[in-house]
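Okay, structure first, notes after.
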There are 2 protein chains.
Amino acid sequence: MTDEALVLGLDVGGTSTRVLAVTPHGLRRGAGRASGGNPTGLGPERAAAALAEAVAQALTGLDPADVRHVVLGLAGGGALPSGEDMPGGEAFTRVWDQTGIRCPIEYEPDALIAFAAGTAAAEGSLLLSGTGAVAIAVKDRTMAARADGHGWLLGDRGSGFWLGRQAVLAAMAELDGEGPATVLTDLVIESLRLRGSSPVAGPASGADAGADTPLTAREMVAAVMSEPPTALARLAPLLTAACEGGDAVAKAIADRAVEHLAATLTTVRGPDATSPIVLAGSVLTNPTPVAERVRRMLRERWPDAEVSRALDGAAAAAWLALARIGPMPSPDVRERLFSIPTAS
Amino acid sequence: MTDEALVLGLDVGGTSTRVLAVTPHGLRRGAGRASGGNPTGLGPERAAAALAEAVAQALTGLDPADVRHVVLGLAGGGALPSGEDMPGGEAFTRVWDQTGIRCPIEYEPDALIAFAAGTAAAEGSLLLSGTGAVAIAVKDRTMAARADGHGWLLGDRGSGFWLGRQAVLAAMAELDGEGPATVLTDLVIESLRLRGSSPVAGPASGADAGADTPLTAREMVAAVMSEPPTALARLAPLLTAACEGGDAVAKAIADRAVEHLAATLTTVRGPDATSPIVLAGSVLTNPTPVAERVRRMLRERWPDAEVSRALDGAAAAAWLALARIGPMPSPDVRERLFSIPTAS
């Protein structure tokens with residue numbers, strides 16, 4: 001054990017596990033990165049292996065005994081207001097036992113971390129649209145209420161998955177002669193063809209006949225069904241291209257996504273609230289037609305609220321961890337934490 | 001080879017594979033039954049094994065050389081108007097090679113077989129709502145057009161899956177305080193609890209605390225997500241119980257299911273058509289609120305059409321096979337074929 005206290009901030013998602021080791025002054029002492037660590041999607045053992053790898057990287061050359069607090073944000077799970085169990089808890093506990101870290105390990109829902117990644121405020125709302133979609137109300141830096149976040153099969157309205165599915169449905173409607181023409185049809189076909197595993201990837205006959213062969217709605221279904229349902233979220237960016245070209249069908253889909261997201265946010269945020277609103281998830285943090293419309297909607301409904309974008313989740317987790325072992329970190333410290341360049 | 005000609009009729013579905021061997025007089029000479037044989041859902045090898053078992057049973061004591069024609073109806077696949085490949089074709093071809101049968105093997109879409117299982121007419125429409133939902137137009141005993149049948153992720157509107165999902169969404173809406181009270185909530189909770197594999201099956205704490213513990217929408221999502229999506233179709237019968245009790249939410253769901261099914265049928269059937277309409281699938285062949293409403297809708301829109309229910313698919317396949325090796329079988333032969341008692 002040295003003189004220097006450390007905290008760890010972790011952002012544990014479905015595609016990556018990221019760890020930052022920082023000092024109370026917000027100085028970076030270590031960083032780690034591994035593959036996805038979400039036990040719900042990947043199973044506890046694979047998730048725990050990613051966690052172990054990323055933490056070991058971050059602690060290289062450091063004394064684990066110096067770590068005073070750990071905050072871990074977990075995508076699609078984590079600590080919940082009703083006290084639900086942490087998914088994959090046991091396997092994660094074993095990892096922590098082996099690190100030599102002996103301080104409290106705090107699990108937080110990724111949505112709460114995303115809120116802290118957008119504002120230093122103790123109270124406000126988060127609206128997230130990535131692969132999934134969720135809104136939460138934050139009070140006293142804890143999650144006070146949550147809406148949607150119910151997954152692709154039963155919820156996630158207005159999410160990247162939802163957008164991708166709507167793009168495919170619009171394309172199928174045109175191919176079936178049941179819906180209007182839209183540039184989404186060609187964009188979806190092209191996008192599905194570029195995926196190697198898809199049944200429509202190969203040319204129908206001959207050496208290079210594929211590209212111009214029209215696709216039926218039925219073949220489109222087969223291509224989509226050959227991948228996990230959440231792969232539909234990868235089609236969400238097609239909406240951006242189509243909206244930029246002025247496509248009416250795409251614009252209507254973007255409008256409906258915003259209606260869904262507005263309804264989700266309204267469930268956890270009163271009409272008179274003036275606290276900050278944080279936007280998170282790739283659909284809302286990138287310059288997409290949905291993000292643009294959501295910002296317009298927020299200006300109309302909550303004109304007094306400060307709207308910000310969620311930045312690095314691992315830095316936000318570290319920031320929360322610092323707050324647990326001392327006073328709230330100063331704005332300087334916060335700025336330093338978030339200026340650490342980390343790939344998302 | 002004996003003097004007696006035979007044909008085989010096969011109904012190959014996701015949960016069972018059934019075979020009938022019959023004479024041109026409609027007399028049963030053999031029957032076979034095995035587990036599901038749908039290559040799309042189960043993989044070609046498992047499907048082919050079921051096919052081999054059921055065919056071997058049906059041919060016990062018979063000479064395969066007597067078989068003059070085989071018609072095989074395949075759920076969720078089969079011969080398609082655009083000439084798509086038969087799923088699992090190669091593995092199936094190997095099975096046929098080994099049976100000693102040397103006659104033509106004809107693959108037909110299950111929807112066409114279902115039509116023939118409801119009427120002897122050469123032209124008409126089929127509306128099916130089981131786990132999935134599809135409508136087809138039949139002309140000259142072949143499938144001339146198809147609507148929906150696009151699977152649970154991108155279609156099947158008004159199907160058993162669709163109904164089960166709506167029941168869960170209604171329950172979640174009540175639990176989340178976003179929707180009206182409905183008896184579906186308790187019915188869905190009870191139904192999910194009775195399933196052993198579900199995370200909500202066990203009591204939350206204590207020996208028998210489970211039954212009365214309220215479930216959150218989030219726990220409901222976890223229970224549903226622990227099974228394949230199509231397992232939602234098993235919740236469809238809850239709508240029947242709820243509608244019988246006068247539940248307004250359940251009745252609204254049934255109404256919407258019928259709107260979807262009407263739209264699907266309208267895609268393939270003109271408003272002036274007078275040809276027969278066959279109803280198929282458990283949602284439409286059982287006394288459900290959706291079936292009752294669909295029949296009412298059909299009487300209003302197509303008052304001159306004869307509406308019937310699809311009976312045994314293997315018998316219908318055998319009937320079609322007989323028509324291939326001779327003149328259309330007489331009404332007597334048809335009646336004899338369909339009076340063969342076979343579990344569905």
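For the structure tokens, the naming scheme is as follows: chains receive sequential letters (A, B, ...) according to their order of presentation, residues are indexed from 1 within each chain, and ligands are indexed from 1 in presentation order.
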Kindly provide, as a PDB file with N, CA, C and O atoms, in the first residue's frame, the residues of chain A having any atom no farther than 7 Å from an atom of chain B, counting only C-alpha atoms.
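Saved to result-v4.pdb:
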```pdb
ATOM      1  N   HIS A 150     -37.195  -2.308 -21.419  1.00  0.00           N
ATOM      2  CA  HIS A 150     -37.773  -3.637 -21.299  1.00  0.00           C
ATOM      3  C   HIS A 150     -37.268  -4.605 -22.368  1.00  0.00           C
ATOM      4  O   HIS A 150     -37.826  -5.694 -22.518  1.00  0.00           O
ATOM      5  N   LEU A 154     -40.109  -6.824 -25.844  1.00  0.00           N
ATOM      6  CA  LEU A 154     -41.284  -6.275 -25.164  1.00  0.00           C
ATOM      7  C   LEU A 154     -41.201  -4.769 -24.944  1.00  0.00           C
ATOM      8  O   LEU A 154     -42.094  -4.183 -24.326  1.00  0.00           O
ATOM      9  N   LEU A 169     -39.310  -3.169 -41.937  1.00  0.00           N
ATOM     10  CA  LEU A 169     -40.750  -3.283 -42.174  1.00  0.00           C
ATOM     11  C   LEU A 169     -41.188  -2.364 -43.322  1.00  0.00           C
ATOM     12  O   LEU A 169     -42.026  -2.742 -44.146  1.00  0.00           O
ATOM     13  N   ARG A 218     -39.847 -11.914 -48.400  1.00  0.00           N
ATOM     14  CA  ARG A 218     -39.572 -13.177 -47.743  1.00  0.00           C
ATOM     15  C   ARG A 218     -38.070 -13.439 -47.593  1.00  0.00           C
ATOM     16  O   ARG A 218     -37.608 -13.948 -46.574  1.00  0.00           O
ATOM     17  N   VAL A 221     -36.823 -11.301 -44.779  1.00  0.00           N
ATOM     18  CA  VAL A 221     -37.099 -11.932 -43.487  1.00  0.00           C
ATOM     19  C   VAL A 221     -36.024 -12.971 -43.187  1.00  0.00           C
ATOM     20  O   VAL A 221     -35.462 -13.008 -42.086  1.00  0.00           O
TER      21      VAL A 221
END
```
TODO: Name the residues in contact with Arg28 in chain B at a cut-off of 12 Å, using only C-alpha atoms, excluding same-chain residues fewer than 2 positions from it; report them as a PyMOL selection string.
DONE: chain B and resi 5-9+19-26+30-32+58-59+62+314-315+318-319+333+336-342
Using only C-alpha atoms, determine which residues lie at most 12 Å from Met297 in chain B, disregarding the query and same-chain residues fewer than 3 positions distant; provide the list as a CSV table (one decimal) with N, CA and C atoms, in the first residue's frame.
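Now in part37.csv:
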```
chain,number,residue,atom,x,y,z
B,255,ASP,N,-60.0,-7.5,-30.9
B,255,ASP,CA,-60.4,-6.7,-32.0
B,255,ASP,C,-59.3,-6.3,-32.9
B,257,ALA,N,-56.4,-7.9,-33.3
B,257,ALA,CA,-55.9,-9.1,-34.0
B,257,ALA,C,-56.8,-9.3,-35.2
B,258,VAL,N,-58.1,-9.1,-35.1
B,258,VAL,CA,-58.9,-9.4,-36.3
B,258,VAL,C,-58.7,-8.3,-37.3
B,259,GLU,N,-58.4,-7.1,-36.9
B,259,GLU,CA,-58.1,-6.0,-37.9
B,259,GLU,C,-56.8,-6.4,-38.7
B,260,HIS,N,-55.8,-6.9,-38.0
B,260,HIS,CA,-54.6,-7.4,-38.7
B,260,HIS,C,-54.9,-8.5,-39.6
B,261,LEU,N,-55.7,-9.5,-39.1
B,261,LEU,CA,-55.9,-10.7,-39.9
B,261,LEU,C,-56.8,-10.3,-41.2
B,262,ALA,N,-57.7,-9.4,-41.0
B,262,ALA,CA,-58.6,-8.9,-42.1
B,262,ALA,C,-57.7,-8.2,-43.1
B,263,ALA,N,-56.7,-7.4,-42.7
B,263,ALA,CA,-55.8,-6.7,-43.6
B,263,ALA,C,-55.0,-7.7,-44.4
B,265,LEU,N,-55.7,-10.9,-45.0
B,265,LEU,CA,-56.6,-11.6,-46.0
B,265,LEU,C,-56.9,-10.7,-47.2
B,266,THR,N,-57.2,-9.5,-46.9
B,266,THR,CA,-57.6,-8.5,-48.0
B,266,THR,C,-56.5,-8.3,-49.0
B,290,VAL,N,-61.1,-14.5,-31.0
B,290,VAL,CA,-60.6,-14.1,-32.3
B,290,VAL,C,-61.3,-14.8,-33.4
B,291,ALA,N,-61.5,-16.1,-33.3
B,291,ALA,CA,-62.2,-16.9,-34.3
B,291,ALA,C,-63.6,-16.4,-34.5
B,292,GLU,N,-64.3,-16.2,-33.4
B,292,GLU,CA,-65.6,-15.7,-33.4
B,292,GLU,C,-65.7,-14.4,-34.2
B,293,ARG,N,-64.8,-13.4,-33.8
B,293,ARG,CA,-64.8,-12.1,-34.5
B,293,ARG,C,-64.4,-12.3,-36.0
B,294,VAL,N,-63.5,-13.2,-36.3
B,294,VAL,CA,-63.1,-13.3,-37.7
B,294,VAL,C,-64.2,-13.9,-38.5
B,300,GLU,N,-69.6,-10.3,-42.9
B,300,GLU,CA,-69.9,-9.0,-43.3
B,300,GLU,C,-69.2,-8.6,-44.6
B,301,ARG,N,-68.0,-9.0,-44.8
B,301,ARG,CA,-67.2,-8.6,-46.0
B,301,ARG,C,-67.4,-9.6,-47.2
B,302,TRP,N,-67.6,-10.8,-46.9
B,302,TRP,CA,-67.8,-11.8,-48.0
B,302,TRP,C,-69.0,-12.7,-47.7
B,303,PRO,N,-70.2,-12.1,-47.7
B,303,PRO,CA,-71.4,-12.8,-47.2
B,303,PRO,C,-71.7,-14.1,-48.1
B,305,ALA,N,-69.4,-16.2,-49.4
B,305,ALA,CA,-68.4,-17.2,-49.3
B,305,ALA,C,-68.7,-18.3,-48.3
B,307,VAL,N,-67.5,-20.7,-45.6
B,307,VAL,CA,-66.3,-20.6,-44.6
B,307,VAL,C,-66.2,-22.0,-43.9
```
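Selecting alpha helix (DSSP H) from the backbone DSSP output for range 267-310 of chain B yields B:Thr267, B:Val268, B:Ser282, B:Val283, B:Leu284, B:Thr285, B:Pro289, B:Val290, B:Ala291, B:Glu292, B:Arg293, B:Val294, B:Arg295, B:Arg296, B:Met297, B:Leu298, B:Arg299, B:Glu300, B:Arg301.
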TODO: Give the strand (DSSP E or B) residues of range 64-263 of chain A, as DSSP finds them on the backbone, and put them as a PyMOL selection string.
DONE: chain A and resi 67-74+105-109+124-129+133-139+142-148
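For the pair CA of Leu10 in chain A and CA of Ala54 in chain A, the interatomic distance is 9.2 Å.
Ranking A:Thr93, A:Ser125, A:Thr182, A:Ser35 by their shortest atom-to-atom distance to Asp11 in chain A, with only C-alpha atoms included, puts A:Ser35 first.
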Open item on the list: as a PyMOL selection string, please: the residues near Leu74 in chain A (cut-off 12 Å, only C-alpha atoms, same-chain neighbours under 2 positions excluded).
Closed with: chain A and resi 9-18+36-41+47+51+71-72+76-80+86-89+92+106-114+313-314+317
Open item on the list: Neighbouring residues of range 236-250 of chain A were defined as those with any atom within 7 Å, considering only C-alpha atoms; residues of the same chain fewer than 4 positions away were excluded. Please report them as a VMD selection string.
Closed with: chain A and resid 160 163 to 164 182 to 184 187 254 288 to 289
TODO: Identify, on the basis of only C-alpha atoms, every residue whose closest approach to Arg102 in chain A does not exceed 10 Å; exclude the query and any residue fewer than 4 positions from it along the same chain; express the result as a list of chain:residue names.
DONE: A:Pro64, A:Ala65, A:Asp66, A:Val67, A:Arg68, A:His69, A:Val70, A:Trp96, A:Asp97, A:Gln98
Mind writing the picked residues with all heavy atoms as a tab-separated table (two decimals), in the first residue's frame?
```tsv
chain	number	residue	atom	x	y	z
A	64	PRO	N	-3.06	-3.03	-5.62
A	64	PRO	CA	-4.51	-3.16	-5.46
A	64	PRO	C	-4.99	-2.66	-4.10
A	64	PRO	O	-6.14	-2.25	-3.96
A	64	PRO	CB	-4.77	-4.67	-5.60
A	64	PRO	CG	-3.52	-5.29	-6.05
A	64	PRO	CD	-2.40	-4.31	-5.93
A	65	ALA	N	-4.09	-2.70	-3.10
A	65	ALA	CA	-4.48	-2.26	-1.76
A	65	ALA	C	-4.75	-0.76	-1.71
A	65	ALA	O	-5.38	-0.26	-0.78
A	65	ALA	CB	-3.40	-2.63	-0.75
A	66	ASP	N	-4.26	-0.02	-2.73
A	66	ASP	CA	-4.50	1.42	-2.77
A	66	ASP	C	-5.92	1.77	-3.24
A	66	ASP	O	-6.35	2.91	-3.12
A	66	ASP	CB	-3.50	2.10	-3.72
A	66	ASP	CG	-2.10	2.13	-3.13
A	66	ASP	OD1	-1.99	2.04	-1.89
A	66	ASP	OD2	-1.13	2.25	-3.91
A	67	VAL	N	-6.60	0.81	-3.83
A	67	VAL	CA	-7.93	1.09	-4.38
A	67	VAL	C	-8.93	1.19	-3.23
A	67	VAL	O	-9.10	0.25	-2.45
A	67	VAL	CB	-8.36	0.00	-5.39
A	67	VAL	CG1	-9.75	0.31	-5.94
A	67	VAL	CG2	-7.35	-0.10	-6.52
A	68	ARG	N	-9.57	2.38	-3.11
A	68	ARG	CA	-10.45	2.62	-1.98
A	68	ARG	C	-11.93	2.41	-2.31
A	68	ARG	O	-12.75	2.25	-1.42
A	68	ARG	CB	-10.27	4.07	-1.48
A	68	ARG	CG	-8.86	4.46	-1.14
A	68	ARG	CD	-8.37	3.74	0.12
A	68	ARG	NE	-6.92	3.75	0.17
A	68	ARG	CZ	-6.18	4.77	0.63
A	68	ARG	NH1	-6.77	5.85	1.07
A	68	ARG	NH2	-4.87	4.69	0.64
A	69	HIS	N	-12.24	2.49	-3.58
A	69	HIS	CA	-13.64	2.32	-3.96
A	69	HIS	C	-13.72	1.97	-5.44
A	69	HIS	O	-12.92	2.44	-6.24
A	69	HIS	CB	-14.45	3.60	-3.68
A	69	HIS	CG	-15.93	3.34	-3.53
A	69	HIS	ND1	-16.52	3.03	-2.32
A	69	HIS	CD2	-16.94	3.32	-4.43
A	69	HIS	CE1	-17.82	2.85	-2.48
A	69	HIS	NE2	-18.11	3.03	-3.77
A	70	VAL	N	-14.70	1.13	-5.77
A	70	VAL	CA	-14.94	0.75	-7.16
A	70	VAL	C	-16.40	1.01	-7.49
A	70	VAL	O	-17.29	0.63	-6.73
A	70	VAL	CB	-14.63	-0.75	-7.40
A	70	VAL	CG1	-14.98	-1.15	-8.83
A	70	VAL	CG2	-13.17	-1.05	-7.09
A	96	TRP	N	-13.26	-10.31	-8.30
A	96	TRP	CA	-12.81	-9.27	-7.38
A	96	TRP	C	-11.94	-9.86	-6.28
A	96	TRP	O	-10.94	-9.26	-5.87
A	96	TRP	CB	-14.00	-8.51	-6.79
A	96	TRP	CG	-14.68	-7.64	-7.82
A	96	TRP	CD1	-15.96	-7.77	-8.28
A	96	TRP	CD2	-14.11	-6.54	-8.52
A	96	TRP	NE1	-16.23	-6.83	-9.23
A	96	TRP	CE2	-15.10	-6.04	-9.41
A	96	TRP	CE3	-12.85	-5.92	-8.52
A	96	TRP	CZ2	-14.88	-4.96	-10.26
A	96	TRP	CZ3	-12.63	-4.84	-9.36
A	96	TRP	CH2	-13.63	-4.38	-10.21
A	97	ASP	N	-12.32	-11.05	-5.80
A	97	ASP	CA	-11.52	-11.71	-4.76
A	97	ASP	C	-10.09	-11.92	-5.23
A	97	ASP	O	-9.14	-11.81	-4.46
A	97	ASP	CB	-12.14	-13.08	-4.41
A	97	ASP	CG	-13.39	-12.92	-3.54
A	97	ASP	OD1	-13.63	-11.79	-3.07
A	97	ASP	OD2	-14.11	-13.92	-3.36
A	98	GLN	N	-9.95	-12.24	-6.53
A	98	GLN	CA	-8.61	-12.56	-7.05
A	98	GLN	C	-7.77	-11.32	-7.37
A	98	GLN	O	-6.57	-11.43	-7.56
A	98	GLN	CB	-8.74	-13.44	-8.31
A	98	GLN	CG	-9.17	-14.87	-7.96
A	98	GLN	CD	-9.71	-15.61	-9.17
A	98	GLN	OE1	-9.69	-15.11	-10.28
A	98	GLN	NE2	-10.21	-16.83	-8.95
```
Task: Who sits within 10 Å of Ala120 in chain A, only C-alpha atoms, same chain under 6 positions skipped, as JSON, numbers by chain - done: {"A": [141, 276, 316, 319, 320, 328, 329, 330, 331, 334]}
Using all heavy atoms, can you write the selected residues to a file as a PDB file, in the first residue's frame?
```
ATOM      1  N   ARG A 141     -28.502  11.487  -6.646  1.00  0.00           N
ATOM      2  CA  ARG A 141     -27.539  10.625  -7.343  1.00  0.00           C
ATOM      3  C   ARG A 141     -27.904   9.143  -7.334  1.00  0.00           C
ATOM      4  O   ARG A 141     -27.033   8.280  -7.508  1.00  0.00           O
ATOM      5  CB  ARG A 141     -26.127  10.787  -6.754  1.00  0.00           C
ATOM      6  CG  ARG A 141     -25.583  12.191  -6.911  1.00  0.00           C
ATOM      7  CD  ARG A 141     -24.134  12.315  -6.551  1.00  0.00           C
ATOM      8  NE  ARG A 141     -23.838  13.710  -6.229  1.00  0.00           N
ATOM      9  CZ  ARG A 141     -23.792  14.691  -7.139  1.00  0.00           C
ATOM     10  NH1 ARG A 141     -23.990  14.423  -8.413  1.00  0.00           N
ATOM     11  NH2 ARG A 141     -23.554  15.924  -6.760  1.00  0.00           N
ATOM     12  N   PRO A 276     -31.560  19.089 -15.077  1.00  0.00           N
ATOM     13  CA  PRO A 276     -30.900  18.750 -16.348  1.00  0.00           C
ATOM     14  C   PRO A 276     -31.423  17.459 -16.980  1.00  0.00           C
ATOM     15  O   PRO A 276     -31.895  16.574 -16.274  1.00  0.00           O
ATOM     16  CB  PRO A 276     -29.433  18.572 -15.957  1.00  0.00           C
ATOM     17  CG  PRO A 276     -29.278  19.153 -14.616  1.00  0.00           C
ATOM     18  CD  PRO A 276     -30.605  19.141 -13.959  1.00  0.00           C
ATOM     19  N   ALA A 316     -17.217   8.556 -15.772  1.00  0.00           N
ATOM     20  CA  ALA A 316     -18.328   8.897 -14.887  1.00  0.00           C
ATOM     21  C   ALA A 316     -18.361   7.972 -13.673  1.00  0.00           C
ATOM     22  O   ALA A 316     -18.623   8.414 -12.542  1.00  0.00           O
ATOM     23  CB  ALA A 316     -19.648   8.819 -15.647  1.00  0.00           C
ATOM     24  N   TRP A 319     -15.705   9.073 -11.369  1.00  0.00           N
ATOM     25  CA  TRP A 319     -16.135  10.312 -10.721  1.00  0.00           C
ATOM     26  C   TRP A 319     -17.059   9.994  -9.537  1.00  0.00           C
ATOM     27  O   TRP A 319     -16.910  10.535  -8.443  1.00  0.00           O
ATOM     28  CB  TRP A 319     -16.844  11.185 -11.762  1.00  0.00           C
ATOM     29  CG  TRP A 319     -17.372  12.483 -11.256  1.00  0.00           C
ATOM     30  CD1 TRP A 319     -16.666  13.615 -10.993  1.00  0.00           C
ATOM     31  CD2 TRP A 319     -18.742  12.796 -10.964  1.00  0.00           C
ATOM     32  NE1 TRP A 319     -17.489  14.615 -10.558  1.00  0.00           N
ATOM     33  CE2 TRP A 319     -18.775  14.130 -10.528  1.00  0.00           C
ATOM     34  CE3 TRP A 319     -19.931  12.077 -11.024  1.00  0.00           C
ATOM     35  CZ2 TRP A 319     -19.965  14.771 -10.161  1.00  0.00           C
ATOM     36  CZ3 TRP A 319     -21.118  12.702 -10.669  1.00  0.00           C
ATOM     37  CH2 TRP A 319     -21.118  14.033 -10.239  1.00  0.00           C
ATOM     38  N   LEU A 320     -18.015   9.068  -9.754  1.00  0.00           N
ATOM     39  CA  LEU A 320     -18.911   8.659  -8.671  1.00  0.00           C
ATOM     40  C   LEU A 320     -18.134   7.966  -7.554  1.00  0.00           C
ATOM     41  O   LEU A 320     -18.429   8.165  -6.365  1.00  0.00           O
ATOM     42  CB  LEU A 320     -19.988   7.702  -9.203  1.00  0.00           C
ATOM     43  CG  LEU A 320     -21.159   8.343  -9.948  1.00  0.00           C
ATOM     44  CD1 LEU A 320     -22.027   7.265 -10.611  1.00  0.00           C
ATOM     45  CD2 LEU A 320     -22.006   9.183  -8.986  1.00  0.00           C
ATOM     46  N   MET A 328     -17.693  15.806  -2.962  1.00  0.00           N
ATOM     47  CA  MET A 328     -17.910  15.794  -4.401  1.00  0.00           C
ATOM     48  C   MET A 328     -16.672  16.357  -5.089  1.00  0.00           C
ATOM     49  O   MET A 328     -16.177  17.411  -4.710  1.00  0.00           O
ATOM     50  CB  MET A 328     -19.114  16.666  -4.774  1.00  0.00           C
ATOM     51  CG  MET A 328     -20.465  16.020  -4.521  1.00  0.00           C
ATOM     52  SD  MET A 328     -20.635  14.347  -5.225  1.00  0.00           S
ATOM     53  CE  MET A 328     -20.438  14.698  -6.975  1.00  0.00           C
ATOM     54  N   PRO A 329     -16.159  15.672  -6.097  1.00  0.00           N
ATOM     55  CA  PRO A 329     -14.978  16.181  -6.797  1.00  0.00           C
ATOM     56  C   PRO A 329     -15.250  17.568  -7.394  1.00  0.00           C
ATOM     57  O   PRO A 329     -16.372  17.856  -7.802  1.00  0.00           O
ATOM     58  CB  PRO A 329     -14.757  15.146  -7.905  1.00  0.00           C
ATOM     59  CG  PRO A 329     -15.475  13.918  -7.458  1.00  0.00           C
ATOM     60  CD  PRO A 329     -16.618  14.382  -6.628  1.00  0.00           C
ATOM     61  N   SER A 330     -14.224  18.393  -7.419  1.00  0.00           N
ATOM     62  CA  SER A 330     -14.371  19.753  -7.947  1.00  0.00           C
ATOM     63  C   SER A 330     -14.583  19.707  -9.459  1.00  0.00           C
ATOM     64  O   SER A 330     -14.271  18.710 -10.103  1.00  0.00           O
ATOM     65  CB  SER A 330     -13.105  20.548  -7.641  1.00  0.00           C
ATOM     66  OG  SER A 330     -12.042  20.020  -8.416  1.00  0.00           O
ATOM     67  N   PRO A 331     -15.111  20.804 -10.021  1.00  0.00           N
ATOM     68  CA  PRO A 331     -15.263  20.868 -11.480  1.00  0.00           C
ATOM     69  C   PRO A 331     -13.955  20.598 -12.209  1.00  0.00           C
ATOM     70  O   PRO A 331     -13.944  19.970 -13.272  1.00  0.00           O
ATOM     71  CB  PRO A 331     -15.758  22.297 -11.726  1.00  0.00           C
ATOM     72  CG  PRO A 331     -16.460  22.675 -10.460  1.00  0.00           C
ATOM     73  CD  PRO A 331     -15.710  21.988  -9.361  1.00  0.00           C
ATOM     74  N   ARG A 334     -13.428  16.922 -12.312  1.00  0.00           N
ATOM     75  CA  ARG A 334     -14.373  16.329 -13.267  1.00  0.00           C
ATOM     76  C   ARG A 334     -13.898  16.541 -14.707  1.00  0.00           C
ATOM     77  O   ARG A 334     -13.905  15.623 -15.532  1.00  0.00           O
ATOM     78  CB  ARG A 334     -15.768  16.928 -13.073  1.00  0.00           C
ATOM     79  CG  ARG A 334     -16.814  16.277 -13.959  1.00  0.00           C
ATOM     80  CD  ARG A 334     -18.234  16.769 -13.714  1.00  0.00           C
ATOM     81  NE  ARG A 334     -19.077  16.324 -14.810  1.00  0.00           N
ATOM     82  CZ  ARG A 334     -19.781  15.195 -14.833  1.00  0.00           C
ATOM     83  NH1 ARG A 334     -19.770  14.407 -13.773  1.00  0.00           N
ATOM     84  NH2 ARG A 334     -20.474  14.843 -15.886  1.00  0.00           N
TER      85      ARG A 334
END
```
TODO: Mind giving me the straight-line distance from CA of Leu127 in chain A to CA of Gly281 in chain A in Å, one decimal?
DONE: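 CA of Leu127 in chain A sits 8.5 Å away from CA of Gly281 in chain A.
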